[in-house]
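Shown next: final_31.txt, given as compact mmCIF, C-alpha atoms.
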```
# COMPACT_ATOMS: atom_id res chain seq x y z
CA MET G 1 0.00 0.00 0.00
CA SER G 2 1.11 3.53 -0.67
CA GLY G 3 1.21 6.13 2.13
CA GLY G 4 -1.41 8.26 3.82
CA LEU G 5 -3.31 10.16 1.15
CA GLY G 6 -5.44 8.24 -1.32
CA LEU G 7 -3.90 8.11 -4.79
CA THR G 8 -5.54 9.77 -7.75
CA PRO G 9 -6.69 7.01 -10.12
CA SER G 10 -5.64 6.81 -13.75
CA GLN G 11 -7.99 7.34 -16.71
CA THR G 12 -7.44 6.92 -20.43
CA VAL G 13 -5.91 9.70 -22.53
CA GLY G 14 -8.84 9.14 -24.91
CA PRO G 15 -8.80 9.63 -28.68
CA PHE G 16 -7.84 13.31 -28.68
CA LEU G 17 -4.53 13.34 -26.80
CA ALA G 18 -2.95 14.78 -29.92
CA ILE G 19 -4.31 18.24 -29.10
CA GLY G 20 -2.72 18.27 -25.64
CA LEU G 21 0.37 16.15 -25.28
CA PRO G 22 2.69 16.10 -28.31
CA TRP G 23 5.45 18.71 -28.49
CA PRO G 24 7.09 19.79 -31.73
CA ASP G 25 10.48 18.85 -30.23
CA GLY G 26 9.14 15.83 -28.35
CA PRO G 27 10.99 13.15 -30.34
CA ASP G 28 14.30 15.02 -30.06
CA VAL G 29 15.92 13.79 -26.87
CA VAL G 30 18.96 15.33 -28.52
CA ALA G 31 18.99 17.50 -31.60
CA ALA G 32 19.29 15.55 -34.84
CA GLY G 33 22.91 15.61 -35.98
CA THR G 34 24.33 15.47 -32.44
CA PRO G 35 27.44 13.26 -32.53
CA GLY G 36 26.46 9.73 -31.49
CA ALA G 37 22.75 10.30 -32.10
CA ILE G 38 20.63 7.23 -32.83
CA THR G 39 17.06 6.92 -34.04
CA ILE G 40 14.65 4.41 -32.53
CA SER G 41 11.46 3.89 -34.47
CA GLY G 42 8.67 1.40 -34.49
CA ARG G 43 4.99 0.72 -34.86
CA LEU G 44 2.34 0.48 -32.18
CA THR G 45 -0.23 -2.21 -33.00
CA ASP G 46 -3.32 -3.73 -31.36
CA GLY G 47 -4.55 -7.27 -30.86
CA ALA G 48 -5.73 -7.50 -34.48
CA GLY G 49 -2.32 -6.39 -35.71
CA ASP G 50 -3.72 -3.05 -36.81
CA PRO G 51 -1.71 0.15 -36.31
CA ILE G 52 -2.76 2.42 -33.45
CA PRO G 53 -2.88 5.98 -34.80
CA ASP G 54 -3.90 7.66 -31.53
CA GLY G 55 -1.16 6.59 -29.15
CA LEU G 56 1.73 8.33 -27.42
CA ILE G 57 5.16 6.86 -26.69
CA GLU G 58 7.29 8.38 -23.94
CA THR G 59 10.87 7.35 -23.14
CA TRP G 60 13.15 7.97 -20.14
CA GLN G 61 16.79 6.91 -19.97
CA ALA G 62 20.28 7.46 -18.61
CA ASP G 63 22.88 9.39 -20.57
CA PRO G 64 25.76 7.59 -22.35
CA ALA G 65 27.73 7.56 -19.08
CA GLY G 66 24.82 5.88 -17.27
CA ARG G 67 23.92 9.02 -15.32
CA PHE G 68 20.68 10.87 -14.55
CA ASP G 69 20.37 14.61 -13.99
CA HIS G 70 18.15 14.02 -10.96
CA PRO G 71 18.54 14.65 -7.20
CA ASP G 72 17.61 11.07 -6.30
CA ASP G 73 20.54 9.64 -8.24
CA PRO G 74 23.01 9.42 -5.33
CA ARG G 75 26.00 9.44 -7.68
CA GLY G 76 25.60 13.16 -8.33
CA ALA G 77 24.95 15.20 -11.45
CA PRO G 78 26.25 14.17 -14.87
CA ALA G 79 28.67 16.26 -16.89
CA GLY G 80 25.89 17.80 -18.98
CA GLY G 81 26.30 20.34 -21.73
CA THR G 82 25.15 18.05 -24.54
CA GLY G 83 21.56 19.31 -24.70
CA PHE G 84 20.49 15.82 -23.70
CA ARG G 85 16.92 15.87 -22.26
CA ALA G 86 16.75 12.15 -21.33
CA PHE G 87 12.99 12.29 -21.98
CA GLY G 88 11.37 11.65 -25.34
CA ARG G 89 7.77 11.85 -26.45
CA CYS G 90 6.19 11.04 -29.80
CA ALA G 91 2.57 10.64 -30.87
CA THR G 92 1.97 7.75 -33.26
CA GLY G 93 1.10 8.61 -36.84
CA PRO G 94 -1.75 7.28 -39.02
CA ASP G 95 0.38 4.16 -39.63
CA GLY G 96 1.03 3.66 -35.89
CA GLU G 97 4.67 4.72 -36.32
CA TYR G 98 6.70 6.70 -33.78
CA HIS G 99 10.36 7.65 -33.53
CA ILE G 100 12.78 9.30 -31.16
CA VAL G 101 16.29 10.68 -31.70
CA THR G 102 18.53 10.10 -28.71
CA LEU G 103 21.92 8.93 -27.46
CA ARG G 104 22.73 5.36 -26.46
CA PRO G 105 22.20 5.02 -22.71
CA GLY G 106 25.03 3.63 -20.58
CA PRO G 107 24.80 0.60 -18.29
CA LEU G 108 23.63 1.20 -14.72
CA PRO G 109 24.74 -0.08 -11.34
CA SER G 110 21.96 -1.90 -9.52
CA PRO G 111 21.48 -1.56 -5.75
CA ASP G 112 21.86 -5.34 -5.40
CA GLY G 113 25.32 -5.19 -6.96
CA GLY G 114 24.48 -6.31 -10.49
CA THR G 115 24.55 -4.24 -13.64
CA GLU G 116 21.58 -3.28 -15.75
CA ALA G 117 22.20 -3.39 -19.48
CA PRO G 118 21.63 -0.16 -21.43
CA HIS G 119 17.89 0.44 -21.70
CA LEU G 120 15.11 2.99 -21.97
CA ASP G 121 11.94 2.89 -19.90
CA VAL G 122 8.86 3.41 -22.07
CA SER G 123 5.32 4.51 -21.27
CA VAL G 124 2.59 3.80 -23.82
CA LEU G 125 -0.61 5.82 -23.64
CA ALA G 126 -3.62 5.46 -25.95
CA ARG G 127 -7.35 5.41 -26.24
CA GLY G 128 -8.42 2.06 -24.83
CA LEU G 129 -5.62 2.03 -22.26
CA LEU G 130 -7.12 3.03 -18.91
CA ASP G 131 -3.63 3.30 -17.45
CA ARG G 132 -0.28 3.70 -19.17
CA VAL G 133 1.55 0.47 -19.92
CA VAL G 134 5.30 0.32 -19.31
CA THR G 135 7.93 -1.53 -21.26
CA ARG G 136 11.70 -1.33 -21.81
CA ILE G 137 13.89 -1.01 -24.89
CA TYR G 138 17.18 -2.94 -24.86
CA PHE G 139 19.68 -3.15 -27.72
CA ALA G 140 20.49 -6.29 -29.72
CA ASP G 141 24.12 -5.20 -30.13
CA GLN G 142 24.61 -5.33 -26.32
CA ALA G 143 24.30 -9.12 -26.14
CA ALA G 144 26.79 -9.63 -23.30
CA ALA G 145 25.27 -6.88 -21.17
CA ASN G 146 21.76 -8.14 -21.92
CA ALA G 147 22.74 -11.64 -20.82
CA ALA G 148 23.67 -10.24 -17.39
CA ASP G 149 20.67 -7.92 -17.02
CA PRO G 150 18.49 -8.75 -14.01
CA VAL G 151 15.23 -7.61 -15.62
CA LEU G 152 15.73 -9.64 -18.79
CA ALA G 153 16.80 -12.57 -16.61
CA SER G 154 13.45 -12.39 -14.80
CA ILE G 155 11.61 -13.26 -18.03
CA ALA G 156 12.03 -16.99 -18.56
CA ASP G 157 10.47 -17.24 -22.01
CA GLU G 158 13.01 -16.36 -24.68
CA ALA G 159 10.40 -15.27 -27.23
CA ARG G 160 8.84 -12.91 -24.73
CA ARG G 161 12.25 -11.56 -23.70
CA ALA G 162 12.97 -10.85 -27.38
CA THR G 163 10.05 -8.39 -27.50
CA LEU G 164 12.17 -6.01 -25.40
CA ILE G 165 15.15 -5.93 -27.76
CA ALA G 166 15.57 -3.33 -30.48
CA ALA G 167 17.53 -4.51 -33.51
CA ALA G 168 19.73 -2.24 -35.61
CA GLU G 169 18.38 -1.67 -39.12
CA PRO G 170 20.39 -3.58 -41.73
CA GLY G 171 23.23 -1.43 -42.98
CA ASP G 172 22.72 1.37 -40.47
CA GLY G 173 23.94 0.78 -36.92
CA ASP G 174 22.52 4.10 -35.75
CA ARG G 175 18.91 3.22 -36.57
CA TYR G 176 17.00 0.78 -34.39
CA ARG G 177 13.57 -0.78 -34.73
CA PHE G 178 11.32 -1.35 -31.72
CA ASP G 179 7.72 -2.36 -32.48
CA ILE G 180 5.19 -2.46 -29.65
CA ARG G 181 2.34 -4.99 -29.79
CA LEU G 182 -0.24 -4.31 -27.12
CA GLN G 183 -1.98 -7.67 -27.36
CA GLY G 184 -1.93 -11.11 -28.95
CA ASP G 185 0.76 -12.71 -31.13
CA GLY G 186 4.16 -11.39 -30.16
CA GLU G 187 2.67 -9.30 -27.37
CA THR G 188 5.32 -7.00 -25.89
CA VAL G 189 6.30 -7.62 -22.29
CA PHE G 190 4.74 -4.96 -20.07
CA PHE G 191 5.85 -4.25 -16.53
CA ASP G 192 4.24 -3.51 -13.22
CA VAL G 193 6.41 -0.65 -12.02
CA MET A 1 30.85 -4.66 -21.18
CA THR A 2 30.99 -2.43 -18.10
CA THR A 3 30.58 -4.17 -14.77
CA HIS A 4 29.79 -2.54 -11.48
CA PRO A 5 30.99 -3.79 -8.11
CA PRO A 6 28.43 -4.20 -5.34
CA THR A 7 27.33 -0.73 -4.28
CA ASP A 8 25.64 0.90 -1.36
CA LEU A 9 23.29 2.80 -3.68
CA GLN A 10 20.46 3.95 -1.48
CA LEU A 11 17.38 4.57 -3.60
CA PRO A 12 13.88 5.64 -2.60
CA SER A 13 11.07 3.24 -3.44
CA TYR A 14 7.50 3.98 -4.40
CA PRO A 15 5.02 1.43 -3.04
CA ARG A 16 2.45 0.33 -5.60
CA ALA A 17 -1.17 1.52 -5.53
CA GLY A 18 -3.58 -0.50 -3.44
CA GLU A 19 -6.20 -2.79 -4.95
CA GLY A 20 -8.96 -1.07 -6.86
CA VAL A 21 -7.42 2.40 -7.24
CA HIS A 22 -6.48 2.18 -10.90
CA PRO A 23 -8.82 0.70 -13.49
CA PRO A 24 -8.02 -2.80 -14.73
CA LEU A 25 -6.64 -2.54 -18.27
CA ASP A 26 -9.19 -5.13 -19.37
CA SER A 27 -12.46 -3.31 -18.65
CA PRO A 28 -15.01 -4.73 -21.10
CA GLY A 29 -17.53 -1.94 -20.47
CA TYR A 30 -15.10 0.39 -22.25
CA ARG A 31 -15.07 -1.20 -25.67
CA SER A 32 -11.73 0.16 -26.87
CA THR A 33 -9.93 -1.93 -24.25
CA GLY A 34 -10.95 -5.05 -26.22
CA LEU A 35 -8.05 -5.06 -28.68
CA ARG A 36 -5.66 -2.90 -26.70
CA ALA A 37 -5.43 -4.30 -23.17
CA PRO A 38 -2.49 -6.70 -22.94
CA HIS A 39 -3.48 -10.33 -22.28
CA GLN A 40 -0.26 -11.44 -20.61
CA PRO A 41 0.17 -10.65 -16.92
CA LEU A 42 2.42 -7.67 -16.15
CA VAL A 43 5.98 -8.57 -15.11
CA LEU A 44 7.15 -7.09 -11.83
CA LEU A 45 9.82 -4.43 -12.46
CA PRO A 46 11.90 -3.74 -9.35
CA GLN A 47 12.46 0.00 -8.97
CA ARG A 48 16.05 0.90 -9.75
CA LEU A 49 17.75 4.05 -11.04
CA THR A 50 15.65 4.48 -14.18
CA GLU A 51 12.39 4.14 -12.28
CA ILE A 52 13.13 6.36 -9.27
CA THR A 53 14.34 9.21 -11.47
CA GLY A 54 12.28 10.98 -14.09
CA PRO A 55 12.04 14.08 -16.24
CA LEU A 56 11.98 17.26 -14.13
CA LEU A 57 10.05 19.25 -16.66
CA GLY A 58 9.21 22.74 -15.55
CA PRO A 59 9.13 26.38 -16.53
CA GLU A 60 11.06 25.87 -19.77
CA ARG A 61 8.03 24.08 -21.23
CA VAL A 62 5.41 26.78 -20.48
CA THR A 63 4.64 30.46 -20.76
CA ALA A 64 2.40 32.35 -18.33
CA ALA A 65 -0.31 32.55 -21.00
CA ASP A 66 -0.54 28.75 -21.25
CA ALA A 67 -2.50 28.52 -17.97
CA ASP A 68 -5.33 30.74 -19.23
CA LEU A 69 -7.27 28.86 -21.90
CA THR A 70 -9.63 31.81 -22.34
CA ARG A 71 -6.92 34.18 -23.62
CA GLN A 72 -5.29 32.21 -26.40
CA HIS A 73 -7.22 33.83 -29.26
CA PRO A 74 -8.36 37.31 -30.28
CA GLY A 75 -11.82 36.85 -28.75
CA GLU A 76 -13.16 35.18 -25.61
CA PRO A 77 -14.46 31.62 -25.89
CA LEU A 78 -18.14 30.91 -25.38
CA GLY A 79 -19.19 29.12 -22.23
CA GLU A 80 -19.00 29.36 -18.48
CA ARG A 81 -15.62 30.78 -17.37
CA ILE A 82 -14.14 28.75 -14.50
CA ILE A 83 -11.03 28.59 -12.33
CA VAL A 84 -9.58 25.12 -11.69
CA THR A 85 -7.00 25.04 -8.92
CA GLY A 86 -5.44 22.68 -6.41
CA ARG A 87 -2.22 21.03 -5.38
CA VAL A 88 -0.06 18.21 -6.65
CA LEU A 89 1.01 16.10 -3.67
CA ASP A 90 2.52 12.71 -3.10
CA SER A 91 0.70 10.17 -0.97
CA ASP A 92 2.92 11.07 1.99
CA GLY A 93 1.40 14.55 1.90
CA ARG A 94 4.48 16.19 0.44
CA PRO A 95 3.79 18.90 -2.16
CA ILE A 96 5.44 18.40 -5.55
CA PRO A 97 6.83 21.79 -6.62
CA ASP A 98 7.95 22.93 -10.09
CA THR A 99 6.28 20.07 -11.91
CA LEU A 100 4.61 20.29 -15.29
CA LEU A 101 0.84 19.84 -15.69
CA GLU A 102 -0.74 19.55 -19.12
CA VAL A 103 -4.50 19.73 -19.73
CA TRP A 104 -6.79 19.34 -22.71
CA GLN A 105 -10.55 19.39 -23.01
CA ALA A 106 -13.66 19.82 -25.16
CA ASN A 107 -15.24 23.24 -25.61
CA ALA A 108 -18.47 24.40 -23.97
CA ALA A 109 -20.50 22.60 -26.64
CA GLY A 110 -18.71 19.31 -26.04
CA ARG A 111 -16.47 19.37 -29.13
CA TYR A 112 -12.70 18.87 -29.24
CA HIS A 113 -10.53 20.93 -31.54
CA HIS A 114 -9.39 17.73 -33.28
CA LYS A 115 -10.11 16.57 -36.82
CA VAL A 116 -11.29 13.15 -35.69
CA ASP A 117 -14.02 14.62 -33.45
CA GLN A 118 -17.12 14.62 -35.65
CA HIS A 119 -19.70 15.40 -32.95
CA PRO A 120 -22.13 17.79 -34.67
CA ALA A 121 -21.61 20.56 -32.14
CA PRO A 122 -19.93 23.85 -33.04
CA LEU A 123 -16.20 24.43 -32.83
CA ASP A 124 -15.26 27.67 -31.09
CA PRO A 125 -12.66 29.68 -33.00
CA ASN A 126 -11.61 31.24 -29.71
CA PHE A 127 -10.96 28.01 -27.87
CA SER A 128 -8.24 25.41 -28.47
CA GLY A 129 -8.79 23.59 -25.20
CA VAL A 130 -5.10 23.07 -24.40
CA GLY A 131 -3.23 24.39 -21.36
CA ARG A 132 0.02 23.94 -19.44
CA THR A 133 1.37 25.17 -16.17
CA VAL A 134 3.98 24.42 -13.52
CA THR A 135 3.25 23.98 -9.82
CA ASP A 136 4.60 26.62 -7.43
CA SER A 137 6.84 25.96 -4.43
CA GLU A 138 3.85 24.56 -2.49
CA GLY A 139 2.69 22.31 -5.30
CA ARG A 140 -0.17 24.62 -6.30
CA TYR A 141 -1.52 25.01 -9.81
CA ARG A 142 -4.25 27.19 -11.29
CA PHE A 143 -5.93 27.16 -14.69
CA ILE A 144 -8.55 29.48 -16.11
CA THR A 145 -10.76 27.86 -18.70
CA ILE A 146 -14.39 27.32 -19.66
CA LYS A 147 -16.50 24.46 -18.39
CA PRO A 148 -16.37 21.66 -20.97
CA GLY A 149 -19.60 20.22 -22.30
CA SER A 150 -20.70 16.60 -22.20
CA TYR A 151 -20.58 14.79 -25.51
CA PRO A 152 -21.84 11.57 -27.09
CA TRP A 153 -19.47 8.78 -28.08
CA GLY A 154 -19.83 5.47 -29.86
CA ASN A 155 -19.12 3.09 -27.02
CA HIS A 156 -22.72 1.89 -26.69
CA HIS A 157 -26.24 3.09 -27.46
CA ASN A 158 -26.81 6.62 -26.12
CA ALA A 159 -23.35 6.83 -24.56
CA TRP A 160 -22.36 10.26 -23.21
CA ARG A 161 -19.21 11.24 -21.37
CA PRO A 162 -19.57 13.24 -18.16
CA ALA A 163 -17.88 16.65 -18.53
CA HIS A 164 -14.17 16.30 -17.85
CA ILE A 165 -10.74 17.85 -18.28
CA HIS A 166 -7.78 15.61 -19.16
CA PHE A 167 -4.76 16.10 -16.85
CA SER A 168 -1.18 14.85 -17.34
CA MET A 169 1.39 14.89 -14.50
CA PHE A 170 5.04 13.80 -14.23
CA GLY A 171 5.89 14.23 -10.56
CA ARG A 172 9.61 13.64 -9.92
CA ALA A 173 10.00 9.99 -10.85
CA PHE A 174 9.07 7.64 -13.68
CA THR A 175 7.00 5.72 -11.11
CA GLN A 176 4.82 8.80 -10.51
CA ARG A 177 3.71 9.45 -14.10
CA LEU A 178 -0.07 9.85 -14.23
CA VAL A 179 -2.60 10.82 -16.87
CA THR A 180 -6.20 11.07 -15.76
CA GLN A 181 -9.45 13.03 -16.04
CA MET A 182 -10.99 15.54 -13.65
CA TYR A 183 -14.77 15.58 -13.37
CA PHE A 184 -17.30 18.09 -12.01
CA PRO A 185 -19.56 17.62 -8.97
CA ASP A 186 -23.01 16.08 -9.32
CA ASP A 187 -22.73 15.12 -12.97
CA PRO A 188 -25.87 13.14 -13.84
CA LEU A 189 -23.87 11.00 -16.28
CA PHE A 190 -21.62 9.36 -13.66
CA PRO A 191 -23.73 6.21 -13.27
CA TYR A 192 -23.67 5.57 -17.02
CA ASP A 193 -20.00 6.16 -17.85
CA PRO A 194 -17.84 3.02 -18.24
CA ILE A 195 -14.59 5.02 -18.11
CA PHE A 196 -15.38 6.70 -14.77
CA ASN A 197 -16.79 3.43 -13.42
CA SER A 198 -13.78 1.40 -14.55
CA ILE A 199 -12.19 2.38 -11.22
CA PRO A 200 -13.21 -0.46 -8.90
CA ASP A 201 -12.88 1.41 -5.60
CA GLU A 202 -15.80 3.79 -5.10
CA LYS A 203 -13.76 6.09 -2.83
CA ALA A 204 -10.95 6.27 -5.37
CA ARG A 205 -13.47 7.12 -8.08
CA GLN A 206 -14.78 10.03 -6.01
CA ARG A 207 -11.24 11.43 -5.88
CA LEU A 208 -11.53 12.33 -9.57
CA ILE A 209 -14.43 14.71 -8.85
CA SER A 210 -13.50 18.33 -8.24
CA LYS A 211 -15.25 20.39 -5.56
CA PHE A 212 -17.04 23.65 -6.12
CA SER A 213 -15.44 26.45 -4.07
CA MET A 214 -17.41 29.57 -3.23
CA ASP A 215 -14.31 30.92 -1.43
CA LEU A 216 -12.17 30.82 -4.56
CA THR A 217 -14.96 31.94 -6.88
CA GLU A 218 -14.18 35.44 -8.14
CA PRO A 219 -17.18 37.80 -7.86
CA ASP A 220 -18.64 38.95 -11.17
CA TRP A 221 -16.10 36.87 -13.08
CA ALA A 222 -15.66 33.10 -12.65
CA LEU A 223 -16.78 30.09 -10.61
CA ALA A 224 -14.01 28.06 -9.00
CA TYR A 225 -13.42 24.32 -8.64
CA THR A 226 -10.67 22.75 -6.55
CA TRP A 227 -9.01 19.44 -7.22
CA ASP A 228 -5.91 17.98 -5.56
CA ILE A 229 -3.86 15.37 -7.38
CA VAL A 230 -2.08 12.69 -5.35
CA LEU A 231 0.83 10.82 -6.94
CA ARG A 232 2.65 7.83 -5.45
CA GLY A 233 4.86 8.61 -2.47
CA THR A 234 7.79 6.80 -0.93
CA GLY A 235 5.95 5.85 2.25
CA GLN A 236 8.19 8.13 4.31
CA THR A 237 6.96 11.18 6.16
CA PRO A 238 8.39 14.45 4.83
CA PHE A 239 10.66 14.62 7.90
CA GLU A 240 12.17 11.19 7.31
CA ALA A 241 12.84 11.78 3.64
CA GLN A 242 16.21 13.10 2.68
CA GLY A 243 16.11 16.39 0.84
CA GLY A 244 12.33 16.56 0.42
CA ALA A 245 12.72 19.70 -1.64
CA ARG A 246 15.11 19.91 -4.50
```

Reformat the file's structure so that it appears as C-alpha cells.
Amino acid sequence: MSGGLGLTPSQTVGPFLAIGLPWPDGPDVVAAGTPGAITISGRLTDGAGDPIPDGLIETWQADPAGRFDHPDDPRGAPAGGTGFRAFGRCATGPDGEYHIVTLRPGPLPSPDGGTEAPHLDVSVLARGLLDRVVTRIYFADQAAANAADPVLASIADEARRATLIAAAEPGDGDRYRFDIRLQGDGETVFFDV
Amino acid sequence: MTTHPPTDLQLPSYPRAGEGVHPPLDSPGYRSTGLRAPHQPLVLLPQRLTEITGPLLGPERVTAADADLTRQHPGEPLGERIIVTGRVLDSDGRPIPDTLLEVWQANAAGRYHHKVDQHPAPLDPNFSGVGRTVTDSEGRYRFITIKPGSYPWGNHHNAWRPAHIHFSMFGRAFTQRLVTQMYFPDDPLFPYDPIFNSIPDEKARQRLISKFSMDLTEPDWALAYTWDIVLRGTGQTPFEAQGGAR
C-alpha cells in the first residue's frame, strides 16, 4: 500500500490526446545531428495487428555515461552540456509509427550489486488504455550486457524476452527498430512498475 | 561490457497503488480496451535508477499565457468561465513543486478541436482547449478555462461522457507518471459512464471529482473548482525523507 493520502486514479488519454500532449520537439531527446545520435522507431499495434494511430510513446533513460540529472541519483549530477533531455515523447502517426532521436544510454549499477544493461523505460498511452503500460527497450548489439541484465533474466520465455530488444536496421547501426504490440501474437512484455 | 561492483546505492522506493485504485486494463464496459489491453500478466519491475528518477520538466516548457485557456485567441471563448485550482502532492502529503501539468478538453459545446471529433456541435474559433502550467513551491496550480460540455461517443447506445478535463502529470519519478481526467460535482452522467466506473474502488473514483469552491470563486467573473492530485509517495513522512525539496 502507498502512504497516507489516497492516490488519484488513472484514466485513459482518450482519442484526442494529440491536441494536448505532443510537443514539436518531443521526439528530439537530442537535436538531430548530435554526434552519437541514434534513431529508434517502431509501430504500435493492437490485438488484431492493426496500427494504433492515436497513441503516445514516452521514453526515459540514462545518458551515455549511465547518469541521470536528478537529485535522487546518489552518484551526483552528470557532466551535462550536450543538450540531452533524457525524456522523449512522440505521438503515433496514421500508420502507428513513432520515432525518437537520442543517445545510447550507458549501463547502470543496480542496488543489489548487479549491472543493468543499457535500456530505456517506455510509457505507452492510448485510447483504450485506462492506465499507461510500461515496457523497456534494450539493444540487440549489447548481447553480453543483456545476458547479465536482471530484468531480462526475470523473463524466462526467450520469445517474450525478445520483445524487449531493439535490432539495428540492416546497414545502419545508428537506426534501431522497436515495435510495440499491445496484445496477442508477439505481445510485448509490459511491466508492473 | 561495463561491470559494477556491489554498491551501497540507497534509492527511494514507491510502493504500488492498493487494490482497486487504478482501473483494470481489461475493462469490457469500455469497448476500446478489447483489442488494446495486454493479455499477458504484467511482469514485476523492481524500482532501480531508471524508475526512481524521471524528467523534471518545468518552466522551460510553459509560458504564463498557457495557464489561461480563455486568452489564447483574439476573442473570448463561449461558455461558463471557470477557475480550476489545487495542489499536486505525493501520498505522503508532500507537495510536488515545479512540476509540469498539461490539460486538454472539449469546448463548452462538447467538441474537441481535433479533426477526428465529428460530434455535430460547433467548434469555437476562440478556444483550443489546451493548457500547461507548472506547480509553485507549495505544489499549487491554477488554470482558467471554460467548463467543458458533455458529448456523445460510440461506445454503446446513447453513450455520453460526463464533462471532464484531461490532466497529465510527471511528478519527480518515472513511477509517478499519471494521466487522468478531472470531473465536475453532481454530474448526472456518472452512473452511465464506463470510463469513470472502470475504477473499482468507489472512494478512489470520487477522488476524480472536483469540488465547487465559493471561497475561490471570483465575484462577477468566474466560478471556482478545486481538485488535488495525489501521486505515489515513498511511504516516508516528509521529515524522514532526505532532501524533500530539491

> Taking all atoms listed in the file into account, which of A:Pro77, A:Gly93, A:Gly149, A:Gly58 comes nearest chain G?
Replying inline: A:Gly93

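Candidate residues A:Val134, A:His113, A:Ala106, A:Ala173 were compared for distance to A:Arg61, and the nearest is A:Val134, using all atoms listed in the file.
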
Identify the residues around (-18.3, 25.4, -33.8) within a radius of 12 Å, measuring from all atoms listed in the file in the coordinates stated by the file, and give them as a short mmCIF file (atom, residue, chain, number, x, y, z; two decimals) with C-alpha atoms, in the coordinates of the input.
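Output file result.cif follows:
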```cif
data_model
loop_
_atom_site.label_atom_id
_atom_site.label_comp_id
_atom_site.auth_asym_id
_atom_site.auth_seq_id
_atom_site.Cartn_x
_atom_site.Cartn_y
_atom_site.Cartn_z
CA PRO A 77 -14.46 31.62 -25.89
CA LEU A 78 -18.14 30.91 -25.38
CA ALA A 106 -13.66 19.82 -25.16
CA ASN A 107 -15.24 23.24 -25.61
CA ALA A 108 -18.47 24.40 -23.97
CA ALA A 109 -20.50 22.60 -26.64
CA GLY A 110 -18.71 19.31 -26.04
CA ARG A 111 -16.47 19.37 -29.13
CA TYR A 112 -12.70 18.87 -29.24
CA HIS A 113 -10.53 20.93 -31.54
CA HIS A 114 -9.39 17.73 -33.28
CA ASP A 117 -14.02 14.62 -33.45
CA GLN A 118 -17.12 14.62 -35.65
CA HIS A 119 -19.70 15.40 -32.95
CA PRO A 120 -22.13 17.79 -34.67
CA ALA A 121 -21.61 20.56 -32.14
CA PRO A 122 -19.93 23.85 -33.04
CA LEU A 123 -16.20 24.43 -32.83
CA ASP A 124 -15.26 27.67 -31.09
CA PRO A 125 -12.66 29.68 -33.00
CA ASN A 126 -11.61 31.24 -29.71
CA PHE A 127 -10.96 28.01 -27.87
CA SER A 128 -8.24 25.41 -28.47
#
```

> So which residues touch A:Asp136 within 10 Å, counting all atoms listed in the file, skipping near sequence neighbours fewer than 5 positions away, as a list in words?
Replying inline: Arg87, Val88, Pro95, Ile96, Pro97, Asp98, Thr99, Tyr141 and Arg142 of chain A

> Out of A:Tyr151, A:Phe170, A:Tyr30, A:Tyr183, which residue has the shortest atom-to-atom distance to chain G when counting all atoms listed in the file?
Replying inline: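 Result for the nearest residue to chain G: A:Tyr30.
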
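Here atom CA of A:Leu44 stands at a distance of 27.7 Å from atom CA of G:Leu21.
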
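Atom CA of G:Gly184 sits 21.0 Å away from atom CA of G:Pro94.
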
Counting only C-alpha atoms, a student should be able to say which residues of chain A come within 7 Å of chain G; what is the right answer, written as a compact mmCIF listing (two decimals) with C-alpha atoms, keeping the file's coordinate frame?
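What ended up in result-v1.txt:
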```
# COMPACT_ATOMS: atom_id res chain seq x y z
CA MET A 1 30.85 -4.66 -21.18
CA THR A 2 30.99 -2.43 -18.10
CA THR A 3 30.58 -4.17 -14.77
CA HIS A 4 29.79 -2.54 -11.48
CA PRO A 5 30.99 -3.79 -8.11
CA PRO A 6 28.43 -4.20 -5.34
CA THR A 7 27.33 -0.73 -4.28
CA ASP A 8 25.64 0.90 -1.36
CA LEU A 9 23.29 2.80 -3.68
CA PRO A 15 5.02 1.43 -3.04
CA ARG A 16 2.45 0.33 -5.60
CA ALA A 17 -1.17 1.52 -5.53
CA GLY A 18 -3.58 -0.50 -3.44
CA VAL A 21 -7.42 2.40 -7.24
CA HIS A 22 -6.48 2.18 -10.90
CA PRO A 23 -8.82 0.70 -13.49
CA LEU A 25 -6.64 -2.54 -18.27
CA SER A 32 -11.73 0.16 -26.87
CA THR A 33 -9.93 -1.93 -24.25
CA LEU A 35 -8.05 -5.06 -28.68
CA ARG A 36 -5.66 -2.90 -26.70
CA ALA A 37 -5.43 -4.30 -23.17
CA PRO A 38 -2.49 -6.70 -22.94
CA HIS A 39 -3.48 -10.33 -22.28
CA LEU A 42 2.42 -7.67 -16.15
CA VAL A 43 5.98 -8.57 -15.11
CA LEU A 44 7.15 -7.09 -11.83
CA LEU A 45 9.82 -4.43 -12.46
CA PRO A 46 11.90 -3.74 -9.35
CA GLN A 47 12.46 0.00 -8.97
CA ARG A 48 16.05 0.90 -9.75
CA LEU A 49 17.75 4.05 -11.04
CA THR A 50 15.65 4.48 -14.18
CA THR A 53 14.34 9.21 -11.47
CA GLY A 54 12.28 10.98 -14.09
CA PRO A 55 12.04 14.08 -16.24
CA SER A 91 0.70 10.17 -0.97
CA ASP A 92 2.92 11.07 1.99
CA GLY A 93 1.40 14.55 1.90
CA GLU A 102 -0.74 19.55 -19.12
CA VAL A 103 -4.50 19.73 -19.73
CA TRP A 104 -6.79 19.34 -22.71
CA HIS A 114 -9.39 17.73 -33.28
CA VAL A 130 -5.10 23.07 -24.40
CA THR A 175 7.00 5.72 -11.11
CA LEU A 178 -0.07 9.85 -14.23
CA VAL A 179 -2.60 10.82 -16.87
CA THR A 180 -6.20 11.07 -15.76
CA GLN A 181 -9.45 13.03 -16.04
CA ALA A 204 -10.95 6.27 -5.37
CA ARG A 207 -11.24 11.43 -5.88
CA LEU A 208 -11.53 12.33 -9.57
CA ILE A 229 -3.86 15.37 -7.38
CA VAL A 230 -2.08 12.69 -5.35
CA LEU A 231 0.83 10.82 -6.94
CA ARG A 232 2.65 7.83 -5.45
CA GLY A 233 4.86 8.61 -2.47
CA GLY A 235 5.95 5.85 2.25
CA ARG A 246 15.11 19.91 -4.50
```

>> Could you check which residues have any atom within 10 Å of (11.3, 2.9, -39.6), counting only C-alpha atoms with coordinates taken straight from the file, and then list them as number ranges by chain?
In response: G: 39-43, 97-99, 169, 175-179

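Residue neighbourhood of A:Thr133, excluding near-sequence residues (fewer than 5 positions): A:Ala67, A:Leu100, A:Leu101, at 6 Å, using only C-alpha atoms.
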
> In Å to one decimal, how far is atom CA of G:Leu103 from atom CA of G:Pro35?
Replying inline: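 Atom CA of G:Leu103 lies at a distance of 8.7 Å from atom CA of G:Pro35.
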